[in-house]
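So this block is my_file.cif, mmCIF, C-alpha atoms:
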data_upload
#
loop_
_atom_site.label_atom_id
_atom_site.label_comp_id
_atom_site.auth_asym_id
_atom_site.auth_seq_id
_atom_site.Cartn_x
_atom_site.Cartn_y
_atom_site.Cartn_z
CA MET P 1 -23.26 -4.20 5.52
CA SER P 2 -19.96 -2.39 5.83
CA GLU P 3 -16.66 -4.29 5.89
CA LYS P 4 -13.49 -2.89 7.53
CA ILE P 5 -11.14 -1.38 4.92
CA SER P 6 -8.33 -3.59 6.30
CA LYS P 7 -10.40 -6.66 5.36
CA ILE P 8 -11.00 -5.24 1.87
CA LEU P 9 -7.51 -4.13 0.80
CA PHE P 10 -5.50 -7.15 1.97
CA PRO P 11 -2.97 -8.55 2.53
CA ARG P 12 -0.59 -5.66 3.21
CA LEU P 13 3.17 -5.57 3.74
CA VAL P 14 4.12 -5.10 7.40
CA VAL P 15 6.85 -2.61 8.28
CA LEU P 16 8.39 -1.28 11.49
CA ILE P 17 8.68 2.51 11.43
CA THR P 18 11.20 4.19 13.72
CA THR P 19 10.94 7.84 14.76
CA CYS P 20 12.26 10.04 17.55
CA GLY P 21 11.10 13.03 19.59
CA MET P 22 12.79 16.40 20.05
CA ASP P 23 14.34 14.93 23.19
CA GLY P 24 15.97 12.22 21.05
CA LYS P 25 13.88 9.41 22.57
CA ALA P 26 13.44 6.67 19.98
CA ASN P 27 10.21 4.86 19.13
CA VAL P 28 9.24 1.97 16.87
CA SER P 29 5.78 0.96 15.75
CA THR P 30 4.14 -1.44 13.30
CA PHE P 31 2.34 -0.27 10.14
CA SER P 32 0.70 -1.88 7.13
CA PHE P 33 -1.03 1.11 5.52
CA ILE P 34 2.02 1.81 3.37
CA MET P 35 2.85 1.99 -0.36
CA PRO P 36 5.49 3.20 -2.81
CA ILE P 37 4.65 6.39 -4.75
CA SER P 38 7.63 7.11 -7.02
CA PHE P 39 10.61 5.21 -8.46
CA GLN P 40 12.99 8.13 -9.13
CA PRO P 41 13.36 9.88 -6.77
CA LYS P 42 11.91 7.34 -4.38
CA TYR P 43 8.81 8.46 -2.48
CA VAL P 44 6.67 6.42 -0.07
CA ALA P 45 3.37 7.00 1.74
CA PHE P 46 1.94 5.62 4.96
CA ALA P 47 -1.02 6.40 7.20
CA VAL P 48 -0.96 6.91 10.97
CA VAL P 49 -3.63 7.57 13.60
CA PRO P 50 -2.96 11.05 15.06
CA THR P 51 -3.16 9.84 18.69
CA ARG P 52 -0.19 7.52 18.14
CA TYR P 53 3.22 8.31 19.57
CA THR P 54 4.74 8.03 16.08
CA PHE P 55 2.63 11.01 14.98
CA LYS P 56 3.77 13.16 17.91
CA ASN P 57 7.37 12.31 16.98
CA LEU P 58 6.84 13.12 13.27
CA LYS P 59 5.55 16.58 14.20
CA GLU P 60 8.66 17.20 16.31
CA VAL P 61 11.26 15.53 14.04
CA PRO P 62 9.86 15.05 10.51
CA GLU P 63 11.98 12.03 9.69
CA PHE P 64 11.43 8.27 9.86
CA VAL P 65 13.00 4.95 8.92
CA ILE P 66 11.01 2.15 7.27
CA ASN P 67 12.43 -1.16 8.49
CA ILE P 68 11.13 -4.28 6.74
CA PRO P 69 10.97 -7.35 9.00
CA ASN P 70 11.42 -10.88 7.66
CA GLU P 71 8.93 -13.70 8.24
CA LYS P 72 10.68 -14.80 11.45
CA MET P 73 9.94 -11.48 13.17
CA LEU P 74 6.20 -11.94 13.84
CA LYS P 75 6.65 -11.60 17.60
CA GLU P 76 8.56 -8.32 17.21
CA VAL P 77 5.89 -7.04 14.80
CA TRP P 78 3.16 -7.92 17.29
CA VAL P 79 4.88 -6.30 20.28
CA CYS P 80 5.65 -3.10 18.35
CA GLY P 81 2.08 -2.90 17.03
CA THR P 82 0.21 -3.47 20.29
CA ARG P 83 2.20 -1.49 22.87
CA SER P 84 2.71 2.27 23.02
CA GLY P 85 6.12 3.90 23.12
CA ARG P 86 4.70 6.40 25.59
CA ASP P 87 5.06 3.93 28.46
CA THR P 88 7.15 1.09 27.00
CA ASP P 89 10.67 0.76 25.63
CA LYS P 90 9.63 -1.41 22.71
CA PHE P 91 13.21 -1.89 21.49
CA LYS P 92 14.01 -3.55 24.82
CA LEU P 93 10.73 -5.49 25.05
CA ALA P 94 11.04 -6.85 21.50
CA GLU P 95 14.82 -7.28 21.78
CA LEU P 96 15.51 -5.09 18.76
CA LYS P 97 19.08 -3.85 18.42
CA THR P 98 19.46 -0.54 16.66
CA GLU P 99 22.12 1.13 14.55
CA ALA P 100 22.58 4.80 13.64
CA SER P 101 21.13 6.11 10.39
CA VAL P 102 23.26 7.94 7.82
CA LYS P 103 21.02 10.89 6.93
CA VAL P 104 18.23 11.04 9.52
CA LYS P 105 17.98 11.06 13.32
CA PRO P 106 15.69 8.02 13.85
CA LEU P 107 17.58 4.74 14.37
CA ARG P 108 17.54 1.71 12.08
CA ILE P 109 16.57 -1.77 13.31
CA GLU P 110 19.65 -3.91 12.82
CA LYS P 111 18.07 -7.24 11.96
CA CYS P 112 15.65 -5.88 9.36
CA PRO P 113 16.98 -6.83 5.89
CA ILE P 114 15.86 -3.51 4.34
CA GLN P 115 15.87 -0.03 5.89
CA LEU P 116 14.80 3.20 4.17
CA GLU P 117 15.77 6.55 5.69
CA CYS P 118 13.07 9.12 4.87
CA LYS P 119 12.17 12.74 5.46
CA VAL P 120 8.56 13.91 5.64
CA GLU P 121 7.50 16.05 2.67
CA PHE P 122 3.74 16.12 3.23
CA MET P 123 1.18 15.39 5.97
CA ARG P 124 -2.59 15.71 5.76
CA GLU P 125 -5.60 14.37 7.64
CA PHE P 126 -8.07 12.13 5.79
CA GLY P 127 -10.78 10.62 7.98
CA ASP P 128 -9.37 8.94 11.08
CA HIS P 129 -5.71 8.84 9.88
CA TYR P 130 -3.02 11.23 8.70
CA LEU P 131 -1.44 10.53 5.32
CA ILE P 132 2.35 10.93 5.51
CA VAL P 133 4.51 11.23 2.36
CA GLY P 134 8.25 10.75 2.71
CA LYS P 135 11.18 11.09 0.34
CA VAL P 136 13.76 8.29 0.64
CA LEU P 137 17.15 9.87 1.38
CA GLU P 138 19.16 6.69 1.91
CA GLU P 139 18.48 2.99 1.37
CA HIS P 140 20.04 -0.06 2.98
CA VAL P 141 19.30 -3.35 1.21
CA LYS P 142 21.23 -5.90 3.27
CA GLU P 143 19.44 -8.93 1.93
CA LYS P 144 17.05 -9.54 -0.95
CA GLU P 145 16.15 -13.22 -0.60
CA PHE P 146 13.74 -12.99 2.30
CA LYS P 147 10.00 -13.18 2.76
CA PRO P 148 8.22 -10.32 4.50
CA ILE P 149 5.14 -10.54 6.73
CA LEU P 150 1.67 -9.62 5.44
CA HIS P 151 -1.20 -8.33 7.57
CA TYR P 152 -4.92 -9.01 7.32
CA SER P 153 -6.64 -7.64 10.44
CA GLY P 154 -6.15 -7.88 14.21
CA ASN P 155 -3.85 -10.81 15.02
CA GLU P 156 -4.33 -12.42 11.59
CA PHE P 157 -1.44 -12.39 9.13
CA TYR P 158 -0.63 -14.04 5.81
CA VAL P 159 2.48 -15.89 4.72
CA VAL P 160 3.90 -14.94 1.30
CA GLY P 161 3.41 -17.89 -1.05
CA GLU P 162 5.36 -18.88 -4.16
CA LYS P 163 6.52 -16.49 -6.87
CA VAL P 164 4.86 -16.92 -10.26
CA SER P 165 5.94 -15.40 -13.57
CA TYR P 166 3.21 -14.49 -16.03
CA GLY P 167 3.89 -15.93 -19.45
CA GLY P 168 7.33 -17.05 -18.24
CA MET D 1 23.66 0.28 -5.53
CA SER D 2 20.06 1.39 -5.82
CA GLU D 3 17.17 -1.11 -5.86
CA LYS D 4 13.81 -0.39 -7.48
CA ILE D 5 11.20 0.70 -4.91
CA SER D 6 8.88 -2.03 -6.27
CA LYS D 7 11.49 -4.64 -5.26
CA ILE D 8 11.80 -3.07 -1.79
CA LEU D 9 8.16 -2.63 -0.74
CA PHE D 10 6.79 -6.00 -1.85
CA PRO D 11 4.56 -7.86 -2.40
CA ARG D 12 1.68 -5.50 -3.12
CA LEU D 13 -2.04 -6.14 -3.63
CA VAL D 14 -3.05 -5.92 -7.31
CA VAL D 15 -6.21 -4.01 -8.23
CA LEU D 16 -7.97 -3.04 -11.45
CA ILE D 17 -8.99 0.62 -11.45
CA THR D 18 -11.76 1.75 -13.75
CA THR D 19 -12.22 5.36 -14.86
CA CYS D 20 -13.94 7.22 -17.68
CA GLY D 21 -13.38 10.33 -19.78
CA MET D 22 -15.66 13.32 -20.30
CA ASP D 23 -16.91 11.53 -23.42
CA GLY D 24 -17.99 8.60 -21.21
CA LYS D 25 -15.41 6.22 -22.70
CA ALA D 26 -14.44 3.66 -20.07
CA ASN D 27 -10.94 2.51 -19.20
CA VAL D 28 -9.42 -0.10 -16.89
CA SER D 29 -5.83 -0.41 -15.75
CA THR D 30 -3.77 -2.42 -13.26
CA PHE D 31 -2.23 -0.88 -10.13
CA SER D 32 -0.31 -2.09 -7.10
CA PHE D 33 0.81 1.21 -5.53
CA ILE D 34 -2.32 1.33 -3.39
CA MET D 35 -3.17 1.42 0.33
CA PRO D 36 -6.00 2.14 2.78
CA ILE D 37 -5.79 5.46 4.66
CA SER D 38 -8.86 5.64 6.92
CA PHE D 39 -11.42 3.23 8.40
CA GLN D 40 -14.32 5.63 9.03
CA PRO D 41 -15.02 7.26 6.64
CA LYS D 42 -13.09 4.99 4.28
CA TYR D 43 -10.26 6.66 2.36
CA VAL D 44 -7.77 5.02 0.00
CA ALA D 45 -4.65 6.19 -1.83
CA PHE D 46 -2.97 5.06 -5.04
CA ALA D 47 -0.22 6.36 -7.30
CA VAL D 48 -0.36 6.80 -11.08
CA VAL D 49 2.13 7.90 -13.72
CA PRO D 50 0.81 11.17 -15.24
CA THR D 51 1.24 9.96 -18.84
CA ARG D 52 -1.22 7.13 -18.26
CA TYR D 53 -4.73 7.23 -19.71
CA THR D 54 -6.16 6.72 -16.22
CA PHE D 55 -4.66 10.06 -15.16
CA LYS D 56 -6.20 11.90 -18.13
CA ASN D 57 -9.56 10.41 -17.16
CA LEU D 58 -9.21 11.36 -13.47
CA LYS D 59 -8.60 14.99 -14.46
CA GLU D 60 -11.78 14.95 -16.58
CA VAL D 61 -14.00 12.87 -14.28
CA PRO D 62 -12.55 12.73 -10.74
CA GLU D 63 -14.05 9.36 -9.86
CA PHE D 64 -12.79 5.78 -9.96
CA VAL D 65 -13.69 2.24 -8.97
CA ILE D 66 -11.20 -0.11 -7.28
CA ASN D 67 -11.97 -3.65 -8.45
CA ILE D 68 -10.10 -6.44 -6.65
CA PRO D 69 -9.35 -9.46 -8.85
CA ASN D 70 -9.11 -13.00 -7.46
CA GLU D 71 -6.13 -15.29 -8.02
CA LYS D 72 -7.63 -16.76 -11.19
CA MET D 73 -7.54 -13.38 -12.96
CA LEU D 74 -3.78 -13.12 -13.63
CA LYS D 75 -4.28 -12.94 -17.41
CA GLU D 76 -6.78 -10.08 -17.06
CA VAL D 77 -4.41 -8.28 -14.67
CA TRP D 78 -1.56 -8.66 -17.15
CA VAL D 79 -3.55 -7.44 -20.17
CA CYS D 80 -4.91 -4.41 -18.29
CA GLY D 81 -1.45 -3.51 -16.99
CA THR D 82 0.49 -3.77 -20.24
CA ARG D 83 -1.85 -2.25 -22.86
CA SER D 84 -3.07 1.33 -23.07
CA GLY D 85 -6.74 2.29 -23.17
CA ARG D 86 -5.81 4.99 -25.70
CA ASP D 87 -5.69 2.44 -28.52
CA THR D 88 -7.20 -0.71 -27.01
CA ASP D 89 -10.60 -1.69 -25.63
CA LYS D 90 -9.14 -3.60 -22.68
CA PHE D 91 -12.57 -4.74 -21.44
CA LYS D 92 -13.03 -6.57 -24.74
CA LEU D 93 -9.46 -7.84 -24.96
CA ALA D 94 -9.49 -9.17 -21.37
CA GLU D 95 -13.12 -10.32 -21.65
CA LEU D 96 -14.23 -8.27 -18.65
CA LYS D 97 -17.97 -7.74 -18.32
CA THR D 98 -18.97 -4.53 -16.62
CA GLU D 99 -21.90 -3.35 -14.51
CA ALA D 100 -23.05 0.17 -13.66
CA SER D 101 -21.88 1.78 -10.44
CA VAL D 102 -24.33 3.21 -7.91
CA LYS D 103 -22.72 6.55 -7.07
CA VAL D 104 -19.99 7.19 -9.67
CA LYS D 105 -19.75 7.19 -13.46
CA PRO D 106 -16.93 4.63 -13.95
CA LEU D 107 -18.13 1.06 -14.40
CA ARG D 108 -17.53 -1.88 -12.08
CA ILE D 109 -15.91 -5.12 -13.23
CA GLU D 110 -18.51 -7.80 -12.72
CA LYS D 111 -16.34 -10.75 -11.81
CA CYS D 112 -14.22 -8.92 -9.23
CA PRO D 113 -15.33 -10.04 -5.75
CA ILE D 114 -14.88 -6.56 -4.26
CA GLN D 115 -15.56 -3.16 -5.85
CA LEU D 116 -15.14 0.25 -4.19
CA GLU D 117 -16.72 3.32 -5.76
CA CYS D 118 -14.57 6.37 -4.98
CA LYS D 119 -14.37 10.09 -5.65
CA VAL D 120 -11.05 11.92 -5.85
CA GLU D 121 -10.44 14.28 -2.92
CA PHE D 122 -6.76 15.06 -3.48
CA MET D 123 -4.10 14.78 -6.22
CA ARG D 124 -0.45 15.82 -6.02
CA GLU D 125 2.76 15.05 -7.89
CA PHE D 126 5.61 13.35 -6.00
CA GLY D 127 8.56 12.34 -8.17
CA ASP D 128 7.49 10.38 -11.25
CA HIS D 129 3.93 9.62 -10.04
CA TYR D 130 0.84 11.45 -8.88
CA LEU D 131 -0.60 10.52 -5.50
CA ILE D 132 -4.40 10.19 -5.66
CA VAL D 133 -6.57 10.12 -2.54
CA GLY D 134 -10.15 8.91 -2.86
CA LYS D 135 -13.10 8.72 -0.50
CA VAL D 136 -15.09 5.49 -0.75
CA LEU D 137 -18.73 6.38 -1.52
CA GLU D 138 -20.09 2.86 -1.98
CA GLU D 139 -18.71 -0.62 -1.39
CA HIS D 140 -19.65 -3.94 -2.94
CA VAL D 141 -18.30 -7.01 -1.13
CA LYS D 142 -19.71 -9.91 -3.14
CA GLU D 143 -17.37 -12.53 -1.77
CA LYS D 144 -14.90 -12.61 1.13
CA GLU D 145 -13.33 -16.06 0.83
CA PHE D 146 -11.00 -15.41 -2.09
CA LYS D 147 -7.28 -14.89 -2.52
CA PRO D 148 -6.09 -11.78 -4.32
CA ILE D 149 -3.00 -11.44 -6.55
CA LEU D 150 0.20 -9.85 -5.27
CA HIS D 151 2.79 -8.06 -7.44
CA TYR D 152 6.57 -8.01 -7.17
CA SER D 153 8.00 -6.39 -10.33
CA GLY D 154 7.56 -6.78 -14.09
CA ASN D 155 5.87 -10.11 -14.85
CA GLU D 156 6.64 -11.54 -11.40
CA PHE D 157 3.80 -12.02 -8.94
CA TYR D 158 3.33 -13.76 -5.58
CA VAL D 159 0.62 -16.14 -4.46
CA VAL D 160 -0.96 -15.43 -1.05
CA GLY D 161 0.09 -18.20 1.35
CA GLU D 162 -1.64 -19.49 4.48
CA LYS D 163 -3.23 -17.32 7.14
CA VAL D 164 -1.54 -17.36 10.54
CA SER D 165 -2.90 -16.03 13.83
CA TYR D 166 -0.40 -14.56 16.27
CA GLY D 167 -0.80 -16.06 19.72
CA GLY D 168 -3.98 -17.77 18.55
#
Would you give me this structure, written as C-alpha cells?
Amino acid sequence: MSEKISKILFPRLVVLITTCGMDGKANVSTFSFIMPISFQPKYVAFAVVPTRYTFKNLKEVPEFVINIPNEKMLKEVWVCGTRSGRDTDKFKLAELKTEASVKVKPLRIEKCPIQLECKVEFMREFGDHYLIVGKVLEEHVKEKEFKPILHYSGNEFYVVGEKVSYGG
Amino acid sequence: MSEKISKILFPRLVVLITTCGMDGKANVSTFSFIMPISFQPKYVAFAVVPTRYTFKNLKEVPEFVINIPNEKMLKEVWVCGTRSGRDTDKFKLAELKTEASVKVKPLRIEKCPIQLECKVEFMREFGDHYLIVGKVLEEHVKEKEFKPILHYSGNEFYVVGEKVSYGG
C-alpha cells in the first residue's frame, strides 16, 4: 500500500512564492515542498509542477520571492494554492498588498513577516515536479516572533506547537 | 542584519538518515533540510555538509534510508545530530535497533514509524552544503498516527500542534 509523499514527509512550512512573466504580470502561489540548502551564501530549494503558472513565469523571468505567511493568513494561503494565476488576480482575490523588491522583479507580499528575494540557479525535472534552486539575494525579516502555517495534505494543516529546548 | 536561514525557514521536519560505507559500516545522522519533490514516482531532496560522514558514505554507496522519528525520540535525534559516526557508534549510544532494508544496503531504524529506502540520483554543491536528490525505491509506513519532531535551530525544537481543516 503506497502512501502519498505529502502524508509521509509532514508537516511542511507553507510559503507564498511570487513570480512574474516577461510581460511583467505578477503571480503568487502556495508551496510547501521547500527547504533551505546553504547558510552562507543562502540557498533554498522548492519543487513545482511544470503545468503551473509559476513555472511558466520562472522560465521567462528566473527570479522569485519567498514570502512566509503567519498563522492568521490561512485564507490567503488557501486562495493562492487553489486558484490559477492564468485566469485569476490572486493578489486582488486574497487582498494581498504588494511592495517592490530591491534586487528582483517579482513583488513582495507586504503583510508577510519574512520575504526572501531569490534568483534561480538551477532547474531540473524529477518525476512529476521540477526542482528549483535559488540563491537568496536580499532578505527582509520584518518580524521574528510569529508562527508560520504548516501543511499536511489537501485542506489539512497543522498549527505550530510550543518550543522545546533539548537539555535546556 | 542577516538572519540564519534555519531561523527563517522554520520549523522543519526532523529525520534520521542512515547510510553505509564501502566497508559496510553503518552510520545514522540527523537532518532537517529535507523536502518531497515528486509524488509519482516519489523523489525527495536533502542537504548535507560535505565534511559530514554521511556525505563520505553517499559517495561510496549512493543509497540512504530516511527514518522518521516520533515525538518521543528527541534524545535519539539529539545524539545522532551532535556526534560523528567517524568516532562513535551512534546506534549503540542512542540505543537504536536496526533492521535490514529490502532494496538498499543502509539499515532501517526499527522504532521509526516511517522508513523510506532511497537511491541517490543527483548530487550538487550549492554554497556550504551539497544538495542530494533520491528516488524512493521502497516505503515502510508502520504507523500513521504519530507526531514527528520539528527543528528550529541549535537545541531548539517545536512540537506539532493541532490539525486544522480549512473550510472543513
Take the PyMOL selection byres ((chain D and resi 8) around 12), apply it to the structure above, and return the hits as a CSV table (one decimal) with C-alpha atoms, in the frame of the given file.
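Output saved as out_11.csv:
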chain,number,residue,atom,x,y,z
P,13,LEU,CA,3.2,-5.6,3.7
P,15,VAL,CA,6.8,-2.6,8.3
P,35,MET,CA,2.8,2.0,-0.4
P,36,PRO,CA,5.5,3.2,-2.8
P,39,PHE,CA,10.6,5.2,-8.5
P,42,LYS,CA,11.9,7.3,-4.4
P,43,TYR,CA,8.8,8.5,-2.5
P,44,VAL,CA,6.7,6.4,-0.1
P,66,ILE,CA,11.0,2.2,7.3
P,67,ASN,CA,12.4,-1.2,8.5
P,68,ILE,CA,11.1,-4.3,6.7
P,69,PRO,CA,11.0,-7.4,9.0
P,113,PRO,CA,17.0,-6.8,5.9
P,114,ILE,CA,15.9,-3.5,4.3
P,115,GLN,CA,15.9,0.0,5.9
P,116,LEU,CA,14.8,3.2,4.2
P,136,VAL,CA,13.8,8.3,0.6
P,139,GLU,CA,18.5,3.0,1.4
P,140,HIS,CA,20.0,-0.1,3.0
P,141,VAL,CA,19.3,-3.4,1.2
P,142,LYS,CA,21.2,-5.9,3.3
P,143,GLU,CA,19.4,-8.9,1.9
P,144,LYS,CA,17.0,-9.5,-1.0
P,145,GLU,CA,16.2,-13.2,-0.6
P,146,PHE,CA,13.7,-13.0,2.3
P,147,LYS,CA,10.0,-13.2,2.8
P,148,PRO,CA,8.2,-10.3,4.5
D,2,SER,CA,20.1,1.4,-5.8
D,3,GLU,CA,17.2,-1.1,-5.9
D,4,LYS,CA,13.8,-0.4,-7.5
D,5,ILE,CA,11.2,0.7,-4.9
D,6,SER,CA,8.9,-2.0,-6.3
D,7,LYS,CA,11.5,-4.6,-5.3
D,9,LEU,CA,8.2,-2.6,-0.7
D,10,PHE,CA,6.8,-6.0,-1.8
D,11,PRO,CA,4.6,-7.9,-2.4
D,12,ARG,CA,1.7,-5.5,-3.1
D,151,HIS,CA,2.8,-8.1,-7.4
D,152,TYR,CA,6.6,-8.0,-7.2
D,153,SER,CA,8.0,-6.4,-10.3
**Message:** Nearest residue to chain D out of P:Phe33, P:Phe64, P:Phe55, P:Phe122, using all atoms listed in the file?
**Reply:** P:Phe33
**Item:** Selection result of the PyMOL selection byres ((chain P and resi 17) around 10) on this file, as a PyMOL selection string
**Value:** chain P and resi 14-16+18-19+27-31+46+54+64-68+80+106-109+115-117
**Message:** With all atoms listed in the file considered, list every residue of chain D at most 6 Å from chain P, as number ranges by chain.
**Reply:** D: 5, 33, 35-39, 41, 47, 127-129, 155-166
Skipping near chain neighbours, those fewer than 2 positions away, what residues fall within 7 Å of Arg86 of chain D using all atoms listed in the file, listed as a CSV table (one decimal) with C-alpha atoms, in the coordinates of the input?
chain,number,residue,atom,x,y,z
D,53,TYR,CA,-4.7,7.2,-19.7
D,84,SER,CA,-3.1,1.3,-23.1
D,88,THR,CA,-7.2,-0.7,-27.0
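Those residues returned by the PyMOL selection byres ((chain P and resi 95) around 12) for this file are P:Val28, P:Met73, P:Lys75, P:Glu76, P:Val77, P:Val79, P:Cys80, P:Asp89, P:Lys90, P:Phe91, P:Lys92, P:Leu93, P:Ala94, P:Leu96, P:Lys97, P:Thr98, P:Ile109, P:Glu110, P:Lys111.
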**Asked** What is the distance, in Å and to one decimal place, between atom CA of Met123 of chain D and atom CA of Arg124 of chain P?
**Response** 12.1 Å
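The coordinates place atom CA of Val102 of chain D at 18.9 Å from atom CA of Asn57 of chain D.
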**Item:** Option closest in space to Arg52 of chain P, from P:Thr82, P:Glu99, P:Met22, P:Lys119 [counting all atoms listed in the file]
**Value:** P:Thr82
**Prompt:** For the atom pair atom CA of Gly24 of chain P and atom CA of Asp87 of chain P, what is the interatomic distance in Å to one decimal place?
**Reply:** 15.6 Å
What would segment 43-51 of chain D look like with all heavy atoms restored, written as an mmCIF file, keeping the file's coordinate frame?
data_model
loop_
_atom_site.group_PDB
_atom_site.id
_atom_site.type_symbol
_atom_site.label_atom_id
_atom_site.label_comp_id
_atom_site.auth_asym_id
_atom_site.auth_seq_id
_atom_site.Cartn_x
_atom_site.Cartn_y
_atom_site.Cartn_z
ATOM 1 N N TYR D 43 -11.072 5.974 3.367
ATOM 2 C CA TYR D 43 -10.260 6.660 2.360
ATOM 3 C C TYR D 43 -9.203 5.690 1.865
ATOM 4 O O TYR D 43 -8.706 4.861 2.638
ATOM 5 C CB TYR D 43 -9.551 7.877 2.966
ATOM 6 C CG TYR D 43 -10.393 9.122 3.045
ATOM 7 C CD1 TYR D 43 -11.101 9.427 4.204
ATOM 8 C CD2 TYR D 43 -10.461 10.010 1.978
ATOM 9 C CE1 TYR D 43 -11.868 10.579 4.292
ATOM 10 C CE2 TYR D 43 -11.226 11.159 2.054
ATOM 11 C CZ TYR D 43 -11.923 11.440 3.209
ATOM 12 O OH TYR D 43 -12.684 12.580 3.290
ATOM 13 N N VAL D 44 -8.828 5.842 0.592
ATOM 14 C CA VAL D 44 -7.770 5.020 0.000
ATOM 15 C C VAL D 44 -6.827 5.930 -0.781
ATOM 16 O O VAL D 44 -7.202 7.038 -1.176
ATOM 17 C CB VAL D 44 -8.349 3.962 -0.972
ATOM 18 C CG1 VAL D 44 -9.243 2.977 -0.233
ATOM 19 C CG2 VAL D 44 -9.118 4.629 -2.109
ATOM 20 N N ALA D 45 -5.604 5.462 -1.008
ATOM 21 C CA ALA D 45 -4.650 6.190 -1.830
ATOM 22 C C ALA D 45 -4.087 5.262 -2.896
ATOM 23 O O ALA D 45 -3.977 4.052 -2.667
ATOM 24 C CB ALA D 45 -3.509 6.724 -0.978
ATOM 25 N N PHE D 46 -3.772 5.813 -4.072
ATOM 26 C CA PHE D 46 -2.970 5.060 -5.040
ATOM 27 C C PHE D 46 -2.103 6.046 -5.814
ATOM 28 O O PHE D 46 -2.286 7.256 -5.714
ATOM 29 C CB PHE D 46 -3.838 4.170 -5.955
ATOM 30 C CG PHE D 46 -4.623 4.888 -7.029
ATOM 31 C CD1 PHE D 46 -4.180 4.897 -8.348
ATOM 32 C CD2 PHE D 46 -5.814 5.529 -6.733
ATOM 33 C CE1 PHE D 46 -4.910 5.527 -9.351
ATOM 34 C CE2 PHE D 46 -6.553 6.163 -7.728
ATOM 35 C CZ PHE D 46 -6.098 6.167 -9.038
ATOM 36 N N ALA D 47 -1.133 5.500 -6.548
ATOM 37 C CA ALA D 47 -0.220 6.360 -7.300
ATOM 38 C C ALA D 47 -0.267 5.987 -8.770
ATOM 39 O O ALA D 47 -0.347 4.806 -9.125
ATOM 40 C CB ALA D 47 1.205 6.209 -6.766
ATOM 41 N N VAL D 48 -0.239 7.012 -9.630
ATOM 42 C CA VAL D 48 -0.360 6.800 -11.080
ATOM 43 C C VAL D 48 0.648 7.679 -11.813
ATOM 44 O O VAL D 48 0.888 8.817 -11.419
ATOM 45 C CB VAL D 48 -1.818 7.092 -11.541
ATOM 46 C CG1 VAL D 48 -2.236 8.518 -11.205
ATOM 47 C CG2 VAL D 48 -2.001 6.824 -13.029
ATOM 48 N N VAL D 49 1.219 7.132 -12.872
ATOM 49 C CA VAL D 49 2.130 7.900 -13.720
ATOM 50 C C VAL D 49 1.276 8.878 -14.547
ATOM 51 O O VAL D 49 0.256 8.481 -15.112
ATOM 52 C CB VAL D 49 2.905 6.931 -14.655
ATOM 53 C CG1 VAL D 49 3.719 7.710 -15.685
ATOM 54 C CG2 VAL D 49 3.811 6.022 -13.835
ATOM 55 N N PRO D 50 1.684 10.172 -14.603
ATOM 56 C CA PRO D 50 0.810 11.170 -15.240
ATOM 57 C C PRO D 50 0.623 11.005 -16.755
ATOM 58 O O PRO D 50 -0.301 11.576 -17.315
ATOM 59 C CB PRO D 50 1.485 12.511 -14.909
ATOM 60 C CG PRO D 50 2.859 12.184 -14.472
ATOM 61 C CD PRO D 50 2.832 10.791 -13.928
ATOM 62 N N THR D 51 1.447 10.194 -17.402
ATOM 63 C CA THR D 51 1.240 9.960 -18.840
ATOM 64 C C THR D 51 0.190 8.878 -19.097
ATOM 65 O O THR D 51 -0.193 8.656 -20.244
ATOM 66 C CB THR D 51 2.561 9.514 -19.505
ATOM 67 O OG1 THR D 51 3.121 8.442 -18.736
ATOM 68 C CG2 THR D 51 3.557 10.663 -19.563
#
